[in-house]
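For reference, protein01.txt is printed below; it contains compact mmCIF, N, CA and C atoms.
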# COMPACT_ATOMS: atom_id res chain seq x y z
N MET A 957 14.35 150.80 27.11
CA MET A 957 14.23 152.17 27.58
C MET A 957 14.77 152.29 29.01
N PHE A 958 15.16 153.46 29.36
CA PHE A 958 15.74 153.72 30.67
C PHE A 958 14.64 153.92 31.71
N THR A 959 15.04 153.76 32.96
CA THR A 959 14.12 153.95 34.08
C THR A 959 14.67 155.02 35.01
N LEU A 960 13.79 155.53 35.86
CA LEU A 960 14.25 156.49 36.88
C LEU A 960 15.27 155.84 37.81
N GLU A 961 15.10 154.57 38.10
CA GLU A 961 16.06 153.88 38.98
C GLU A 961 17.45 153.85 38.36
N GLN A 962 17.54 153.57 37.07
CA GLN A 962 18.84 153.57 36.39
C GLN A 962 19.47 154.97 36.42
N ILE A 963 18.65 155.98 36.18
CA ILE A 963 19.15 157.35 36.21
C ILE A 963 19.60 157.72 37.61
N LYS A 964 18.84 157.30 38.62
CA LYS A 964 19.20 157.58 40.01
C LYS A 964 20.56 156.96 40.35
N LEU A 965 20.80 155.74 39.92
CA LEU A 965 22.09 155.10 40.17
C LEU A 965 23.23 155.89 39.54
N ALA A 966 23.01 156.40 38.33
CA ALA A 966 24.05 157.22 37.68
C ALA A 966 24.22 158.53 38.43
N HIS A 967 23.11 159.14 38.83
CA HIS A 967 23.18 160.44 39.52
C HIS A 967 23.82 160.33 40.90
N ASP A 968 23.63 159.20 41.57
CA ASP A 968 24.20 159.01 42.91
C ASP A 968 25.72 159.07 42.91
N LYS A 969 26.34 158.88 41.77
CA LYS A 969 27.80 158.95 41.66
C LYS A 969 28.29 160.40 41.66
N VAL A 970 27.38 161.35 41.38
CA VAL A 970 27.75 162.76 41.25
C VAL A 970 27.82 163.41 42.64
N GLN A 971 28.98 163.88 43.00
CA GLN A 971 29.16 164.56 44.28
C GLN A 971 29.31 166.07 44.09
N THR A 972 29.97 166.47 43.00
CA THR A 972 30.19 167.89 42.69
C THR A 972 30.05 168.09 41.19
N GLY A 973 30.10 169.34 40.78
CA GLY A 973 30.02 169.65 39.36
C GLY A 973 31.12 169.03 38.53
N SER A 974 32.24 168.74 39.15
CA SER A 974 33.34 168.15 38.39
C SER A 974 33.05 166.70 37.99
N ASP A 975 32.03 166.08 38.60
CA ASP A 975 31.63 164.72 38.25
C ASP A 975 30.66 164.69 37.07
N PHE A 976 30.22 165.85 36.62
CA PHE A 976 29.17 165.95 35.61
C PHE A 976 29.48 165.22 34.30
N PRO A 977 30.68 165.34 33.72
CA PRO A 977 30.94 164.64 32.45
C PRO A 977 30.75 163.12 32.54
N ILE A 978 31.09 162.54 33.68
CA ILE A 978 30.90 161.09 33.85
C ILE A 978 29.41 160.76 33.88
N TYR A 979 28.64 161.61 34.55
CA TYR A 979 27.18 161.44 34.61
C TYR A 979 26.58 161.49 33.21
N ILE A 980 26.99 162.45 32.40
CA ILE A 980 26.48 162.56 31.03
C ILE A 980 26.79 161.29 30.25
N GLN A 981 27.99 160.77 30.39
CA GLN A 981 28.35 159.54 29.68
C GLN A 981 27.47 158.38 30.13
N ASP A 982 27.19 158.29 31.42
CA ASP A 982 26.30 157.25 31.92
C ASP A 982 24.90 157.39 31.31
N LEU A 983 24.40 158.63 31.19
CA LEU A 983 23.08 158.85 30.59
C LEU A 983 23.07 158.46 29.11
N ILE A 984 24.13 158.78 28.40
CA ILE A 984 24.23 158.38 26.99
C ILE A 984 24.13 156.87 26.88
N ASN A 985 24.85 156.18 27.75
CA ASN A 985 24.83 154.72 27.73
C ASN A 985 23.44 154.16 28.00
N LEU A 986 22.62 154.89 28.75
CA LEU A 986 21.25 154.45 29.05
C LEU A 986 20.28 154.77 27.92
N GLY A 987 20.66 155.66 27.01
CA GLY A 987 19.77 156.06 25.92
C GLY A 987 19.04 157.37 26.16
N VAL A 988 19.46 158.13 27.16
CA VAL A 988 18.85 159.43 27.43
C VAL A 988 19.36 160.42 26.39
N LYS A 989 18.42 161.18 25.79
CA LYS A 989 18.76 162.18 24.78
C LYS A 989 18.89 163.57 25.39
N GLY A 990 18.29 163.77 26.56
CA GLY A 990 18.36 165.06 27.23
C GLY A 990 17.45 165.09 28.43
N TYR A 991 17.51 166.20 29.15
CA TYR A 991 16.61 166.37 30.29
C TYR A 991 16.47 167.83 30.66
N ASP A 992 15.34 168.12 31.30
CA ASP A 992 15.03 169.45 31.80
C ASP A 992 14.98 169.42 33.31
N THR A 993 15.64 170.37 33.95
CA THR A 993 15.61 170.52 35.41
C THR A 993 14.88 171.80 35.76
N HIS A 994 13.90 171.69 36.64
CA HIS A 994 13.13 172.83 37.12
C HIS A 994 13.69 173.26 38.46
N VAL A 995 14.29 174.43 38.50
CA VAL A 995 15.00 174.91 39.68
C VAL A 995 14.07 175.10 40.87
N ASN A 996 12.84 175.51 40.63
CA ASN A 996 11.96 175.83 41.76
C ASN A 996 11.70 174.67 42.69
N ASP A 997 11.68 173.43 42.19
CA ASP A 997 11.43 172.29 43.08
C ASP A 997 12.30 171.06 42.78
N GLY A 998 13.18 171.16 41.81
CA GLY A 998 14.11 170.08 41.53
C GLY A 998 13.58 168.97 40.65
N ARG A 999 12.34 169.10 40.15
CA ARG A 999 11.82 168.07 39.24
C ARG A 999 12.70 167.98 38.01
N VAL A 1000 12.87 166.77 37.49
CA VAL A 1000 13.66 166.56 36.28
C VAL A 1000 12.86 165.67 35.34
N SER A 1001 12.79 166.07 34.08
CA SER A 1001 12.14 165.27 33.04
C SER A 1001 13.21 164.80 32.07
N TYR A 1002 13.35 163.49 31.93
CA TYR A 1002 14.34 162.89 31.04
C TYR A 1002 13.62 162.41 29.79
N TYR A 1003 14.24 162.59 28.64
CA TYR A 1003 13.61 162.11 27.42
C TYR A 1003 14.60 161.32 26.59
N GLY A 1004 14.03 160.38 25.85
CA GLY A 1004 14.81 159.51 24.99
C GLY A 1004 14.24 159.54 23.58
N SER A 1005 14.45 158.46 22.86
CA SER A 1005 13.95 158.39 21.49
C SER A 1005 12.47 158.03 21.48
N LYS A 1006 11.84 158.32 20.35
CA LYS A 1006 10.42 158.00 20.11
C LYS A 1006 9.51 158.56 21.19
N GLU A 1007 9.79 159.79 21.62
CA GLU A 1007 8.96 160.52 22.59
C GLU A 1007 8.87 159.83 23.96
N TYR A 1008 9.80 158.93 24.25
CA TYR A 1008 9.84 158.30 25.56
C TYR A 1008 10.33 159.30 26.60
N ALA A 1009 9.65 159.39 27.74
CA ALA A 1009 10.05 160.33 28.80
C ALA A 1009 9.65 159.79 30.17
N VAL A 1010 10.45 160.13 31.16
CA VAL A 1010 10.13 159.84 32.56
C VAL A 1010 10.48 161.08 33.37
N SER A 1011 9.74 161.31 34.44
CA SER A 1011 9.96 162.49 35.28
C SER A 1011 10.03 162.10 36.74
N THR A 1012 10.84 162.85 37.46
CA THR A 1012 10.94 162.65 38.91
C THR A 1012 9.88 163.48 39.62
N ASP A 1013 9.70 163.19 40.88
CA ASP A 1013 8.89 164.04 41.74
C ASP A 1013 9.76 165.21 42.17
N LYS A 1014 9.14 166.18 42.85
CA LYS A 1014 9.94 167.30 43.35
C LYS A 1014 10.97 166.78 44.35
N LYS A 1015 12.10 167.45 44.41
CA LYS A 1015 13.21 167.01 45.26
C LYS A 1015 13.34 167.82 46.54
N TYR A 1016 12.76 169.02 46.56
CA TYR A 1016 12.89 169.90 47.72
C TYR A 1016 11.74 170.89 47.74
N ASN A 1017 11.60 171.60 48.85
CA ASN A 1017 10.57 172.63 48.96
C ASN A 1017 10.84 173.74 47.95
N LEU A 1018 9.78 174.42 47.59
CA LEU A 1018 9.88 175.44 46.55
C LEU A 1018 10.93 176.52 46.85
N LEU A 1019 11.71 176.83 45.83
CA LEU A 1019 12.64 177.93 45.88
C LEU A 1019 12.04 179.09 45.10
N ARG A 1020 12.24 180.29 45.58
CA ARG A 1020 11.79 181.48 44.87
C ARG A 1020 12.82 181.82 43.80
N ILE A 1021 12.34 181.95 42.58
CA ILE A 1021 13.22 182.32 41.46
C ILE A 1021 13.20 183.84 41.33
N ALA A 1022 14.36 184.47 41.35
CA ALA A 1022 14.44 185.92 41.19
C ALA A 1022 13.81 186.30 39.85
N PRO A 1023 13.03 187.36 39.82
CA PRO A 1023 12.31 187.73 38.59
C PRO A 1023 13.21 188.23 37.47
N MET A 1024 14.37 188.73 37.80
CA MET A 1024 15.31 189.21 36.79
C MET A 1024 16.60 188.39 36.87
N ALA A 1025 17.07 187.93 35.73
CA ALA A 1025 18.31 187.15 35.71
C ALA A 1025 19.52 188.04 35.90
N ASN A 1026 20.47 187.53 36.68
CA ASN A 1026 21.76 188.19 36.86
C ASN A 1026 22.81 187.25 36.27
N LYS A 1027 23.05 187.42 34.98
CA LYS A 1027 23.93 186.52 34.24
C LYS A 1027 25.33 186.46 34.83
N GLU A 1028 25.90 187.61 35.15
CA GLU A 1028 27.27 187.64 35.65
C GLU A 1028 27.40 186.88 36.97
N ARG A 1029 26.46 187.10 37.88
CA ARG A 1029 26.51 186.40 39.17
C ARG A 1029 26.29 184.91 38.98
N PHE A 1030 25.35 184.55 38.09
CA PHE A 1030 25.11 183.13 37.83
C PHE A 1030 26.37 182.46 37.30
N ILE A 1031 27.07 183.11 36.39
CA ILE A 1031 28.29 182.52 35.84
C ILE A 1031 29.32 182.29 36.95
N GLU A 1032 29.41 183.21 37.90
CA GLU A 1032 30.31 183.01 39.05
C GLU A 1032 29.94 181.75 39.82
N PHE A 1033 28.63 181.59 40.11
CA PHE A 1033 28.16 180.40 40.82
C PHE A 1033 28.41 179.13 40.00
N LEU A 1034 28.19 179.21 38.69
CA LEU A 1034 28.38 178.06 37.82
C LEU A 1034 29.83 177.60 37.81
N VAL A 1035 30.75 178.55 37.70
CA VAL A 1035 32.17 178.22 37.70
C VAL A 1035 32.57 177.58 39.03
N MET A 1036 32.07 178.13 40.12
CA MET A 1036 32.37 177.55 41.44
C MET A 1036 31.83 176.12 41.53
N HIS A 1037 30.61 175.91 41.06
CA HIS A 1037 30.01 174.58 41.12
C HIS A 1037 30.77 173.59 40.25
N GLN A 1038 31.12 174.00 39.06
CA GLN A 1038 31.86 173.11 38.17
C GLN A 1038 33.26 172.81 38.70
N GLY A 1039 33.76 173.67 39.55
CA GLY A 1039 35.06 173.45 40.18
C GLY A 1039 34.97 172.62 41.45
N GLY A 1040 33.77 172.13 41.75
CA GLY A 1040 33.60 171.27 42.93
C GLY A 1040 33.42 172.02 44.23
N GLN A 1041 33.10 173.32 44.18
CA GLN A 1041 32.99 174.12 45.39
C GLN A 1041 31.58 174.20 45.97
N SER A 1042 30.63 173.53 45.33
CA SER A 1042 29.27 173.51 45.89
C SER A 1042 28.59 172.19 45.55
N ASP A 1043 27.61 171.83 46.38
CA ASP A 1043 26.83 170.64 46.09
C ASP A 1043 25.64 171.03 45.21
N TYR A 1044 24.87 170.03 44.79
CA TYR A 1044 23.78 170.25 43.85
C TYR A 1044 22.71 171.20 44.40
N PHE A 1045 22.26 170.98 45.63
CA PHE A 1045 21.21 171.83 46.18
C PHE A 1045 21.68 173.28 46.34
N THR A 1046 22.90 173.46 46.78
CA THR A 1046 23.45 174.82 46.89
C THR A 1046 23.45 175.49 45.53
N PHE A 1047 23.87 174.75 44.51
CA PHE A 1047 23.86 175.32 43.16
C PHE A 1047 22.45 175.69 42.73
N CYS A 1048 21.46 174.86 43.04
CA CYS A 1048 20.07 175.19 42.69
C CYS A 1048 19.62 176.46 43.42
N GLN A 1049 19.99 176.61 44.68
CA GLN A 1049 19.65 177.82 45.42
C GLN A 1049 20.31 179.04 44.77
N GLN A 1050 21.56 178.90 44.37
CA GLN A 1050 22.28 179.99 43.73
C GLN A 1050 21.68 180.33 42.36
N ALA A 1051 21.27 179.29 41.63
CA ALA A 1051 20.62 179.52 40.34
C ALA A 1051 19.32 180.31 40.54
N ALA A 1052 18.53 179.91 41.53
CA ALA A 1052 17.27 180.62 41.82
C ALA A 1052 17.54 182.08 42.18
N GLN A 1053 18.54 182.31 43.02
CA GLN A 1053 18.90 183.68 43.40
C GLN A 1053 19.32 184.50 42.18
N SER A 1054 19.86 183.83 41.17
CA SER A 1054 20.35 184.50 39.97
C SER A 1054 19.29 184.60 38.88
N GLY A 1055 18.07 184.15 39.18
CA GLY A 1055 16.99 184.25 38.21
C GLY A 1055 16.93 183.14 37.17
N ILE A 1056 17.58 182.03 37.45
CA ILE A 1056 17.55 180.89 36.54
C ILE A 1056 16.37 179.99 36.95
N ALA A 1057 15.42 179.81 36.02
CA ALA A 1057 14.21 179.03 36.31
C ALA A 1057 14.37 177.56 35.98
N ASN A 1058 15.13 177.26 34.95
CA ASN A 1058 15.35 175.87 34.56
C ASN A 1058 16.56 175.78 33.64
N TRP A 1059 17.00 174.55 33.45
CA TRP A 1059 18.04 174.33 32.45
C TRP A 1059 17.74 173.06 31.69
N ARG A 1060 18.21 173.04 30.46
CA ARG A 1060 18.02 171.89 29.58
C ARG A 1060 19.37 171.36 29.16
N ILE A 1061 19.55 170.07 29.38
CA ILE A 1061 20.72 169.36 28.88
C ILE A 1061 20.31 168.69 27.59
N ASP A 1062 20.96 169.03 26.51
CA ASP A 1062 20.73 168.39 25.21
C ASP A 1062 21.94 167.52 24.94
N ILE A 1063 21.76 166.23 25.11
CA ILE A 1063 22.88 165.30 24.98
C ILE A 1063 23.28 165.12 23.52
N ILE A 1064 22.33 165.29 22.61
CA ILE A 1064 22.64 165.19 21.18
C ILE A 1064 23.58 166.33 20.77
N GLU A 1065 23.22 167.55 21.17
CA GLU A 1065 24.02 168.72 20.83
C GLU A 1065 25.17 168.94 21.82
N MET A 1066 25.13 168.23 22.94
CA MET A 1066 26.12 168.37 24.02
C MET A 1066 26.18 169.82 24.51
N THR A 1067 24.99 170.35 24.82
CA THR A 1067 24.88 171.70 25.36
C THR A 1067 24.04 171.68 26.63
N CYS A 1068 24.27 172.68 27.44
CA CYS A 1068 23.46 172.95 28.63
C CYS A 1068 23.03 174.41 28.51
N THR A 1069 21.70 174.61 28.47
CA THR A 1069 21.17 175.96 28.33
C THR A 1069 20.38 176.31 29.58
N TYR A 1070 20.71 177.44 30.17
CA TYR A 1070 20.06 177.93 31.38
C TYR A 1070 19.08 179.04 30.99
N TYR A 1071 17.83 178.95 31.46
CA TYR A 1071 16.77 179.86 31.07
C TYR A 1071 16.26 180.68 32.26
N ASP A 1072 15.80 181.90 31.96
CA ASP A 1072 15.17 182.72 32.99
C ASP A 1072 13.67 182.42 33.04
N THR A 1073 12.94 183.15 33.87
CA THR A 1073 11.51 182.89 34.05
C THR A 1073 10.70 183.20 32.79
N ALA A 1074 11.22 184.02 31.90
CA ALA A 1074 10.53 184.32 30.64
C ALA A 1074 10.83 183.29 29.56
N GLY A 1075 11.72 182.34 29.85
CA GLY A 1075 12.09 181.32 28.87
C GLY A 1075 13.21 181.74 27.95
N ASP A 1076 13.87 182.84 28.28
CA ASP A 1076 15.00 183.30 27.47
C ASP A 1076 16.28 182.60 27.91
N ALA A 1077 17.10 182.20 26.93
CA ALA A 1077 18.38 181.57 27.23
C ALA A 1077 19.32 182.62 27.82
N ILE A 1078 19.87 182.32 28.99
CA ILE A 1078 20.79 183.24 29.67
C ILE A 1078 22.24 182.81 29.45
N VAL A 1079 22.49 181.50 29.56
CA VAL A 1079 23.83 180.97 29.34
C VAL A 1079 23.68 179.67 28.56
N ILE A 1080 24.48 179.52 27.52
CA ILE A 1080 24.55 178.27 26.76
C ILE A 1080 26.00 177.84 26.80
N GLU A 1081 26.21 176.61 27.25
CA GLU A 1081 27.59 176.12 27.30
C GLU A 1081 27.69 174.74 26.69
N LYS A 1082 28.84 174.46 26.12
CA LYS A 1082 29.12 173.14 25.60
C LYS A 1082 29.46 172.23 26.77
N ILE A 1083 28.98 171.00 26.70
CA ILE A 1083 29.29 170.01 27.72
C ILE A 1083 30.64 169.39 27.38
N PRO A 1084 31.58 169.41 28.31
CA PRO A 1084 32.90 168.81 28.03
C PRO A 1084 32.77 167.30 27.88
N THR A 1085 33.53 166.77 26.95
CA THR A 1085 33.50 165.32 26.74
C THR A 1085 34.83 164.70 27.05
Translate the structure described by the file into structure tokens.
Amino acid sequence: MFTLEQIKLAHDKVQTGSDFPIYIQDLINLGVKGYDTHVNDGRVSYYGSKEYAVSTDKKYNLLRIAPMANKERFIEFLVMHQGGQSDYFTFCQQAAQSGIANWRIDIIEMTCTYYDTAGDAIVIEKIPT
């Protein structure tokens, strides 16, 4: 089974959103099936097979999540981040401003789904391979 230390080593290679596909491949190699990121404090829960899971501690002070999602603005921020124009924390701040409460990476389905505070899917995208 994977450890937080192994995941941290893979994550440390990520500098911008354009590094994301390499990160996903590293997680696949570790046996990670998916993970949930909580925008308000940066906690991440990784899960594998047979209900195996590990979670990080919070990564930053609480961010206020906008109560209403602004899908169009979020997509602008997402495209900029994926193009390498923002770092991870900036993207989390932008997601919070856009009403994104969390996102789930499903490595089996190769999707990333961004959710609002009500748990509704706002954006679903395929992960490039």
Coordinates-based distance that separates atom N of A:Ala1077 from atom CA of A:Lys1014 (Å, one decimal):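 Pair atom CA of A:Lys1014 / atom N of A:Ala1077 returns 23.3 Å.
Each of A:Glu1028, A:Ala966, A:Thr1067, A:Ala1009 was compared to A:Tyr979 using all atoms listed in the file, and A:Ala966 turns out to be the nearest.
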Find the spatial neighbours of A:His1037, counting only N, CA and C atoms, within a cut-off of 7 Å - ignore same-chain residues fewer than 3 positions away - and output them as JSON, numbers by chain. {"A": [972, 973, 974, 1032, 1033, 1034, 1040, 1041, 1042, 1043, 1047]}
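Of all the residues in stretch 1003-1080 of chain A, the ones DSSP labels as strand (DSSP E or B) from the backbone are Tyr1003, Ala1009, Val1010, Ser1011, Asn1058, Trp1059, Arg1060, Ile1061, Asp1062, Thr1067, Cys1068, Thr1069, Tyr1070, Tyr1071, Ala1077, Ile1078, Val1079 and Ile1080 of chain A.
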Computed interatomic separation between atom C of A:Ile1061 and atom CA of A:Lys989 (Å):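 Result for atom C of A:Ile1061 versus atom CA of A:Lys989: 7.3 Å, one decimal.
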At a cut-off of 5 Å, using all atoms listed in the file, what residues contact A:Asp992? Leave out same-chain residues fewer than 2 positions from it and give the result as number ranges by chain. A: 990, 994, 1000-1001, 1059-1060
Would you pick out the contacts of A:Pro1084 at 7 Å or less, using only N, CA and C atoms, so that residues sharing its chain but fewer than 3 positions from it are not included, and give the list as a VMD selection string? chain A and resid 977 1066 1081
Point-to-point distance from atom CA of A:Ala1057 to atom CA of A:Thr959, Å rounded to tenths: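 Going from atom CA of A:Ala1057 over to atom CA of A:Thr959, I get 25.2 Å.
Shortest atom-to-atom contact with A:Arg1029 among A:Ile963, A:Gly1075, A:Ser1054, A:Glu1065: A:Ser1054, counting only N, CA and C atoms.
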Leaving out stretch 1020-1025 of chain A and any residue of its chain fewer than 5 positions from it, which residues lie within 8 Å of it when counting all atoms listed in the file, given as an MDAnalysis selection string? chainID A and resid 995:997 1030 1049 1051:1057 1071:1074 1078
